[in-house]
Amino acid sequence: EVWACDFSPVMLELMMRRATEEGLDERIHPTQLSWSDGWESAKLPTCDVAFASRSIATADLRDALTKLDTQATRRVCITLGTNESPRTDDVLTAVLGRSMPKRPDFVYAMNILWDMQIWPRLDFIVSKRSDGFPSPEDAVEKFAAIYHANEEERGRLERYIAEHMQPRQTDEGTEWVFDHERTTKWAFMSWDK
């Protein structure tokens with residue numbers, strides 16, 4: 001059985017719809033809960049494995065790691081960012097003439113766990129992304145918003161996208177994709193209890 005926690009009731013509802021489609025809804029217990037909530041009041045049972053993937057965006061990482069460690073009886077598994085945001089694109093960042101601050105969350109987590117006398121295993125997951133857009137203009141709008149691009153940066157973005165997006169046929173029709181490969185790197189950390 002799985003206790004699935006999220007602060008968003010909409011995400012829990014979407015998960016349960018999918019669980020029902022897969023015939024798993026009897027085994028999944030949705031629980032609205034955030035990192036800042038007191039987990040004791042949620043009355044979660046202890047579990048074999050506590051897993052948090054790309055969700056530990058919290059002001060108190062030590063508290064989140066402690067909560068996961070306390071909840072599990074056998075193992076804890078987490079994924080954290082290595083540097084770049086999955087929303088940004090290294091190539092577009094360079095096109096805009098920006099440099100992104102280095103924020104390897106996993107190093108911070110590793111230091112906290114070391115201080116807690118926990119020695120996690122560390123591995124990395126590299127995922128390739130091939131986002132499709134209805135049009136090049138939609139890509140401009142999305143990335144201009146993500147980067148809060150000023151007028152000059154928006155012009156650079158428009159020129160790059162005009163040159164480096166190409167159409168791709170899908171079952172649903174045509175979508176536009178970049179001609180460069182986009183990757184996101186995640187740190188996978190786990191420790192046994």
# chains A, B, ... in the order shown; residues from 1 in each chain; ligands from 1

$ residues_around --residues "Glu163 in chain A" --least-positions-apart "4" --cutoff "12 Å" --atoms "only C-alpha atoms" --output "list in words"
Pro136, Arg156, Leu157, Glu158, Arg159, Pro167, Trp176, Val177, Phe178, Asp179 and His180 of chain A

$ residues_around --residues "Leu68 in chain A" --least-positions-apart "2" --cutoff "12 Å" --atoms "only C-alpha atoms" --output "VMD selection string"
chain A and resid 5 35 39 44 to 53 56 61 to 66 70 to 78 113 190 to 193

$ closest_atom_pairs --of "range 142-182 of chain A" --to "range 90-103 of chain A" --cutoff "12 Å" --atoms "only C-alpha atoms" --output "JSON lines"
{"residue": "A:Lys142", "atom": "CA", "partner": "A:Leu92", "partner_atom": "CA", "distance": 11.9}
{"residue": "A:Phe143", "atom": "CA", "partner": "A:Leu92", "partner_atom": "CA", "distance": 8.4}
{"residue": "A:Ala144", "atom": "CA", "partner": "A:Leu96", "partner_atom": "CA", "distance": 9.9}
{"residue": "A:Ile146", "atom": "CA", "partner": "A:Thr93", "partner_atom": "CA", "distance": 10.7}
{"residue": "A:Tyr147", "atom": "CA", "partner": "A:Thr93", "partner_atom": "CA", "distance": 8.4}
{"residue": "A:His148", "atom": "CA", "partner": "A:Leu96", "partner_atom": "CA", "distance": 10.9}
{"residue": "A:Ala149", "atom": "CA", "partner": "A:Leu96", "partner_atom": "CA", "distance": 8.2}
{"residue": "A:Asn150", "atom": "CA", "partner": "A:Leu96", "partner_atom": "CA", "distance": 9.7}
{"residue": "A:Glu151", "atom": "CA", "partner": "A:Leu96", "partner_atom": "CA", "distance": 10.8}
{"residue": "A:Glu152", "atom": "CA", "partner": "A:Leu96", "partner_atom": "CA", "distance": 8.6}
{"residue": "A:Glu153", "atom": "CA", "partner": "A:Leu96", "partner_atom": "CA", "distance": 5.4}
{"residue": "A:Arg154", "atom": "CA", "partner": "A:Leu96", "partner_atom": "CA", "distance": 8.0}
{"residue": "A:Gly155", "atom": "CA", "partner": "A:Leu96", "partner_atom": "CA", "distance": 9.1}
{"residue": "A:Arg156", "atom": "CA", "partner": "A:Leu96", "partner_atom": "CA", "distance": 6.3}
{"residue": "A:Leu157", "atom": "CA", "partner": "A:Leu96", "partner_atom": "CA", "distance": 6.8}
{"residue": "A:Glu158", "atom": "CA", "partner": "A:Val95", "partner_atom": "CA", "distance": 10.3}
{"residue": "A:Arg159", "atom": "CA", "partner": "A:Val95", "partner_atom": "CA", "distance": 9.6}
{"residue": "A:Tyr160", "atom": "CA", "partner": "A:Val95", "partner_atom": "CA", "distance": 7.4}
{"residue": "A:Ile161", "atom": "CA", "partner": "A:Leu92", "partner_atom": "CA", "distance": 9.2}
{"residue": "A:His164", "atom": "CA", "partner": "A:Leu92", "partner_atom": "CA", "distance": 10.8}
{"residue": "A:Phe178", "atom": "CA", "partner": "A:Val91", "partner_atom": "CA", "distance": 10.3}
{"residue": "A:Asp179", "atom": "CA", "partner": "A:Val91", "partner_atom": "CA", "distance": 10.9}
{"residue": "A:His180", "atom": "CA", "partner": "A:Val91", "partner_atom": "CA", "distance": 8.0}
{"residue": "A:Glu181", "atom": "CA", "partner": "A:Val91", "partner_atom": "CA", "distance": 9.1}
{"residue": "A:Arg182", "atom": "CA", "partner": "A:Asp90", "partner_atom": "CA", "distance": 7.8}

$ write_last_selection --atoms "C-alpha atoms" --output "mmCIF file, in the first residue's frame"
data_model
loop_
_atom_site.group_PDB
_atom_site.id
_atom_site.type_symbol
_atom_site.label_atom_id
_atom_site.label_comp_id
_atom_site.auth_asym_id
_atom_site.auth_seq_id
_atom_site.Cartn_x
_atom_site.Cartn_y
_atom_site.Cartn_z
ATOM 1 C CA LYS A 142 6.938 30.232 -22.567
ATOM 2 C CA PHE A 143 10.656 30.907 -22.251
ATOM 3 C CA ALA A 144 10.279 34.702 -22.142
ATOM 4 C CA ILE A 146 10.287 31.613 -17.457
ATOM 5 C CA TYR A 147 13.301 33.914 -17.771
ATOM 6 C CA HIS A 148 11.377 37.155 -17.194
ATOM 7 C CA ALA A 149 13.076 38.319 -20.380
ATOM 8 C CA ASN A 150 13.479 42.023 -21.029
ATOM 9 C CA GLU A 151 12.894 43.457 -24.530
ATOM 10 C CA GLU A 152 16.461 42.895 -25.749
ATOM 11 C CA GLU A 153 16.536 39.319 -24.410
ATOM 12 C CA ARG A 154 13.164 38.601 -25.971
ATOM 13 C CA GLY A 155 14.557 39.682 -29.344
ATOM 14 C CA ARG A 156 17.493 37.274 -28.956
ATOM 15 C CA LEU A 157 15.100 34.514 -28.000
ATOM 16 C CA GLU A 158 12.871 35.189 -31.013
ATOM 17 C CA ARG A 159 15.863 35.139 -33.407
ATOM 18 C CA TYR A 160 17.271 31.923 -31.938
ATOM 19 C CA ILE A 161 13.922 30.145 -31.983
ATOM 20 C CA HIS A 164 16.624 26.584 -34.335
ATOM 21 C CA PHE A 178 14.495 22.641 -30.875
ATOM 22 C CA ASP A 179 17.358 21.297 -32.951
ATOM 23 C CA HIS A 180 19.586 21.129 -29.873
ATOM 24 C CA GLU A 181 19.421 18.414 -27.243
ATOM 25 C CA ARG A 182 18.167 19.480 -23.852
#

$ atom_distance --atom1 "CA of Pro30 in chain A" --atom2 "CA of Glu13 in chain A"
8.3 Å

$ atom_distance --atom1 "CA of Val10 in chain A" --atom2 "CA of Leu80 in chain A"
23.1 Å

$ closest_residue --among "A:Ser135, A:Ser36, A:Thr88, A:Thr184" --to "Gln166 in chain A" --atoms "only C-alpha atoms"
A:Ser135

$ closest_residue --among "A:Arg54, A:Arg87, A:Arg168, A:Arg129" --to "Ala187 in chain A" --atoms "only C-alpha atoms"
A:Arg54

$ closest_residue --among "A:Arg27, A:Met116, A:Ser34, A:Asp123" --to "Pro9 in chain A" --atoms "only C-alpha atoms"
A:Ser34

$ residues_around --residues "Gly81 in chain A" --least-positions-apart "5" --cutoff "8 Å" --atoms "only C-alpha atoms" --output "PDB file with all heavy atoms, in the first residue's frame"
ATOM      1  N   ARG A  54      12.015  15.019  -6.700  1.00  0.00           N
ATOM      2  CA  ARG A  54      11.930  16.378  -7.230  1.00  0.00           C
ATOM      3  C   ARG A  54      10.885  17.217  -6.498  1.00  0.00           C
ATOM      4  O   ARG A  54      10.231  18.053  -7.085  1.00  0.00           O
ATOM      5  CB  ARG A  54      11.633  16.346  -8.733  1.00  0.00           C
ATOM      6  CG  ARG A  54      12.672  15.573  -9.504  1.00  0.00           C
ATOM      7  CD  ARG A  54      12.370  15.506 -10.958  1.00  0.00           C
ATOM      8  NE  ARG A  54      11.174  14.706 -11.191  1.00  0.00           N
ATOM      9  CZ  ARG A  54      10.583  14.595 -12.352  1.00  0.00           C
ATOM     10  NH1 ARG A  54      11.044  15.211 -13.400  1.00  0.00           N
ATOM     11  NH2 ARG A  54       9.524  13.848 -12.486  1.00  0.00           N
ATOM     12  N   PRO A 104      23.605  23.558  -6.434  1.00  0.00           N
ATOM     13  CA  PRO A 104      23.496  22.096  -6.385  1.00  0.00           C
ATOM     14  C   PRO A 104      22.890  21.639  -5.056  1.00  0.00           C
ATOM     15  O   PRO A 104      23.588  21.362  -4.092  1.00  0.00           O
ATOM     16  CB  PRO A 104      24.938  21.631  -6.563  1.00  0.00           C
ATOM     17  CG  PRO A 104      25.759  22.764  -6.023  1.00  0.00           C
ATOM     18  CD  PRO A 104      24.979  24.017  -6.273  1.00  0.00           C
ATOM     19  N   ASP A 105      21.569  21.552  -5.028  1.00  0.00           N
ATOM     20  CA  ASP A 105      20.852  21.193  -3.799  1.00  0.00           C
ATOM     21  C   ASP A 105      21.357  19.893  -3.182  1.00  0.00           C
ATOM     22  O   ASP A 105      21.358  19.733  -1.970  1.00  0.00           O
ATOM     23  CB  ASP A 105      19.355  21.055  -4.073  1.00  0.00           C
ATOM     24  CG  ASP A 105      18.692  22.366  -4.434  1.00  0.00           C
ATOM     25  OD1 ASP A 105      19.308  23.425  -4.203  1.00  0.00           O
ATOM     26  OD2 ASP A 105      17.561  22.330  -4.946  1.00  0.00           O
ATOM     27  N   PHE A 106      21.782  18.955  -4.022  1.00  0.00           N
ATOM     28  CA  PHE A 106      22.190  17.653  -3.490  1.00  0.00           C
ATOM     29  C   PHE A 106      23.433  17.772  -2.615  1.00  0.00           C
ATOM     30  O   PHE A 106      23.594  17.000  -1.677  1.00  0.00           O
ATOM     31  CB  PHE A 106      22.396  16.634  -4.618  1.00  0.00           C
ATOM     32  CG  PHE A 106      23.695  16.761  -5.357  1.00  0.00           C
ATOM     33  CD1 PHE A 106      24.779  15.963  -5.023  1.00  0.00           C
ATOM     34  CD2 PHE A 106      23.836  17.672  -6.394  1.00  0.00           C
ATOM     35  CE1 PHE A 106      25.977  16.069  -5.713  1.00  0.00           C
ATOM     36  CE2 PHE A 106      25.016  17.784  -7.086  1.00  0.00           C
ATOM     37  CZ  PHE A 106      26.101  16.985  -6.749  1.00  0.00           C
ATOM     38  N   LYS A 185      19.738  17.058 -15.316  1.00  0.00           N
ATOM     39  CA  LYS A 185      20.450  16.112 -14.454  1.00  0.00           C
ATOM     40  C   LYS A 185      19.880  16.175 -13.042  1.00  0.00           C
ATOM     41  O   LYS A 185      19.656  17.245 -12.506  1.00  0.00           O
ATOM     42  CB  LYS A 185      21.937  16.455 -14.420  1.00  0.00           C
ATOM     43  CG  LYS A 185      22.600  16.353 -15.774  1.00  0.00           C
ATOM     44  CD  LYS A 185      24.063  16.764 -15.696  1.00  0.00           C
ATOM     45  CE  LYS A 185      24.631  16.978 -17.074  1.00  0.00           C
ATOM     46  NZ  LYS A 185      24.336  18.288 -17.615  1.00  0.00           N
ATOM     47  N   TRP A 186      19.666  14.988 -12.481  1.00  0.00           N
ATOM     48  CA  TRP A 186      19.150  14.867 -11.117  1.00  0.00           C
ATOM     49  C   TRP A 186      20.107  14.016 -10.301  1.00  0.00           C
ATOM     50  O   TRP A 186      20.695  13.066 -10.823  1.00  0.00           O
ATOM     51  CB  TRP A 186      17.774  14.199 -11.118  1.00  0.00           C
ATOM     52  CG  TRP A 186      16.749  14.976 -11.878  1.00  0.00           C
ATOM     53  CD1 TRP A 186      16.375  14.790 -13.177  1.00  0.00           C
ATOM     54  CD2 TRP A 186      15.991  16.087 -11.406  1.00  0.00           C
ATOM     55  NE1 TRP A 186      15.423  15.698 -13.526  1.00  0.00           N
ATOM     56  CE2 TRP A 186      15.160  16.514 -12.461  1.00  0.00           C
ATOM     57  CE3 TRP A 186      15.928  16.746 -10.172  1.00  0.00           C
ATOM     58  CZ2 TRP A 186      14.281  17.567 -12.336  1.00  0.00           C
ATOM     59  CZ3 TRP A 186      15.042  17.802 -10.047  1.00  0.00           C
ATOM     60  CH2 TRP A 186      14.236  18.203 -11.114  1.00  0.00           C
ATOM     61  N   ALA A 187      20.230  14.330  -9.035  1.00  0.00           N
ATOM     62  CA  ALA A 187      21.000  13.467  -8.114  1.00  0.00           C
ATOM     63  C   ALA A 187      20.006  12.517  -7.458  1.00  0.00           C
ATOM     64  O   ALA A 187      18.956  12.939  -6.967  1.00  0.00           O
ATOM     65  CB  ALA A 187      21.685  14.322  -7.060  1.00  0.00           C
TER      66      ALA A 187
END

$ select_by_dssp --residues "range 48-173 of chain A" --states "strand (DSSP E or B)" --output "ChimeraX atom specification"
/A:48-53,72-81,121-129,133,165-170,173

$ atom_distance --atom1 "CA of Arg17 in chain A" --atom2 "CA of Glu1 in chain A"
16.7 Å

$ closest_residue --among "A:Ile28, A:Met16, A:Ala109, A:Met165" --to "Gly132 in chain A" --atoms "only C-alpha atoms"
A:Met165

$ decode --residues "range 111-134 of chain A" --atoms "N, CA and C atoms" --output "compact mmCIF listing (two decimals), in the first residue's frame"
# COMPACT_ATOMS: atom_id res chain seq x y z
N ASN A 111 25.59 17.32 2.90
CA ASN A 111 26.19 17.88 4.11
C ASN A 111 25.25 17.73 5.32
N ILE A 112 23.97 17.95 5.11
CA ILE A 112 23.01 17.78 6.20
C ILE A 112 22.99 16.33 6.66
N LEU A 113 22.91 15.41 5.70
CA LEU A 113 22.87 13.99 6.05
C LEU A 113 24.14 13.56 6.76
N TRP A 114 25.28 14.04 6.32
CA TRP A 114 26.55 13.73 6.99
C TRP A 114 26.49 14.19 8.44
N ASP A 115 25.94 15.40 8.65
CA ASP A 115 25.80 15.92 10.01
C ASP A 115 24.83 15.07 10.84
N MET A 116 23.86 14.43 10.18
CA MET A 116 22.90 13.55 10.86
C MET A 116 23.48 12.14 11.02
N GLN A 117 24.71 11.95 10.61
CA GLN A 117 25.40 10.65 10.66
C GLN A 117 24.73 9.62 9.76
N ILE A 118 24.29 10.09 8.60
CA ILE A 118 23.72 9.24 7.57
C ILE A 118 24.66 9.32 6.36
N TRP A 119 24.98 8.16 5.79
CA TRP A 119 25.91 8.09 4.66
C TRP A 119 25.16 7.59 3.43
N PRO A 120 24.59 8.49 2.64
CA PRO A 120 23.78 8.04 1.50
C PRO A 120 24.63 7.60 0.32
N ARG A 121 24.03 6.75 -0.51
CA ARG A 121 24.61 6.43 -1.81
C ARG A 121 24.17 7.54 -2.76
N LEU A 122 25.01 7.82 -3.75
CA LEU A 122 24.73 8.91 -4.67
C LEU A 122 24.92 8.42 -6.10
N ASP A 123 23.94 8.71 -6.92
CA ASP A 123 24.03 8.42 -8.34
C ASP A 123 23.35 9.58 -9.08
N PHE A 124 23.45 9.57 -10.39
CA PHE A 124 22.87 10.66 -11.17
C PHE A 124 21.98 10.12 -12.27
N ILE A 125 20.90 10.84 -12.52
CA ILE A 125 19.96 10.51 -13.57
C ILE A 125 20.01 11.65 -14.58
N VAL A 126 20.28 11.31 -15.83
CA VAL A 126 20.29 12.30 -16.89
C VAL A 126 19.10 12.01 -17.78
N SER A 127 18.20 12.97 -17.87
CA SER A 127 17.03 12.77 -18.72
C SER A 127 17.06 13.76 -19.87
N LYS A 128 16.79 13.22 -21.05
CA LYS A 128 16.72 14.06 -22.25
C LYS A 128 15.31 14.59 -22.37
N ARG A 129 15.22 15.83 -22.76
CA ARG A 129 13.90 16.46 -22.91
C ARG A 129 13.73 16.90 -24.35
N SER A 130 12.54 16.69 -24.85
CA SER A 130 12.22 17.11 -26.21
C SER A 130 10.83 17.73 -26.17
N ASP A 131 10.77 18.91 -25.59
CA ASP A 131 9.49 19.60 -25.46
C ASP A 131 8.99 20.02 -26.83
N GLY A 132 7.71 19.77 -27.07
CA GLY A 132 7.09 20.21 -28.31
C GLY A 132 6.15 21.37 -28.05
N PHE A 133 6.07 22.27 -29.01
CA PHE A 133 5.24 23.47 -28.89
C PHE A 133 4.31 23.57 -30.09
N PRO A 134 3.10 24.11 -29.91
CA PRO A 134 2.19 24.27 -31.05
C PRO A 134 2.77 25.16 -32.15
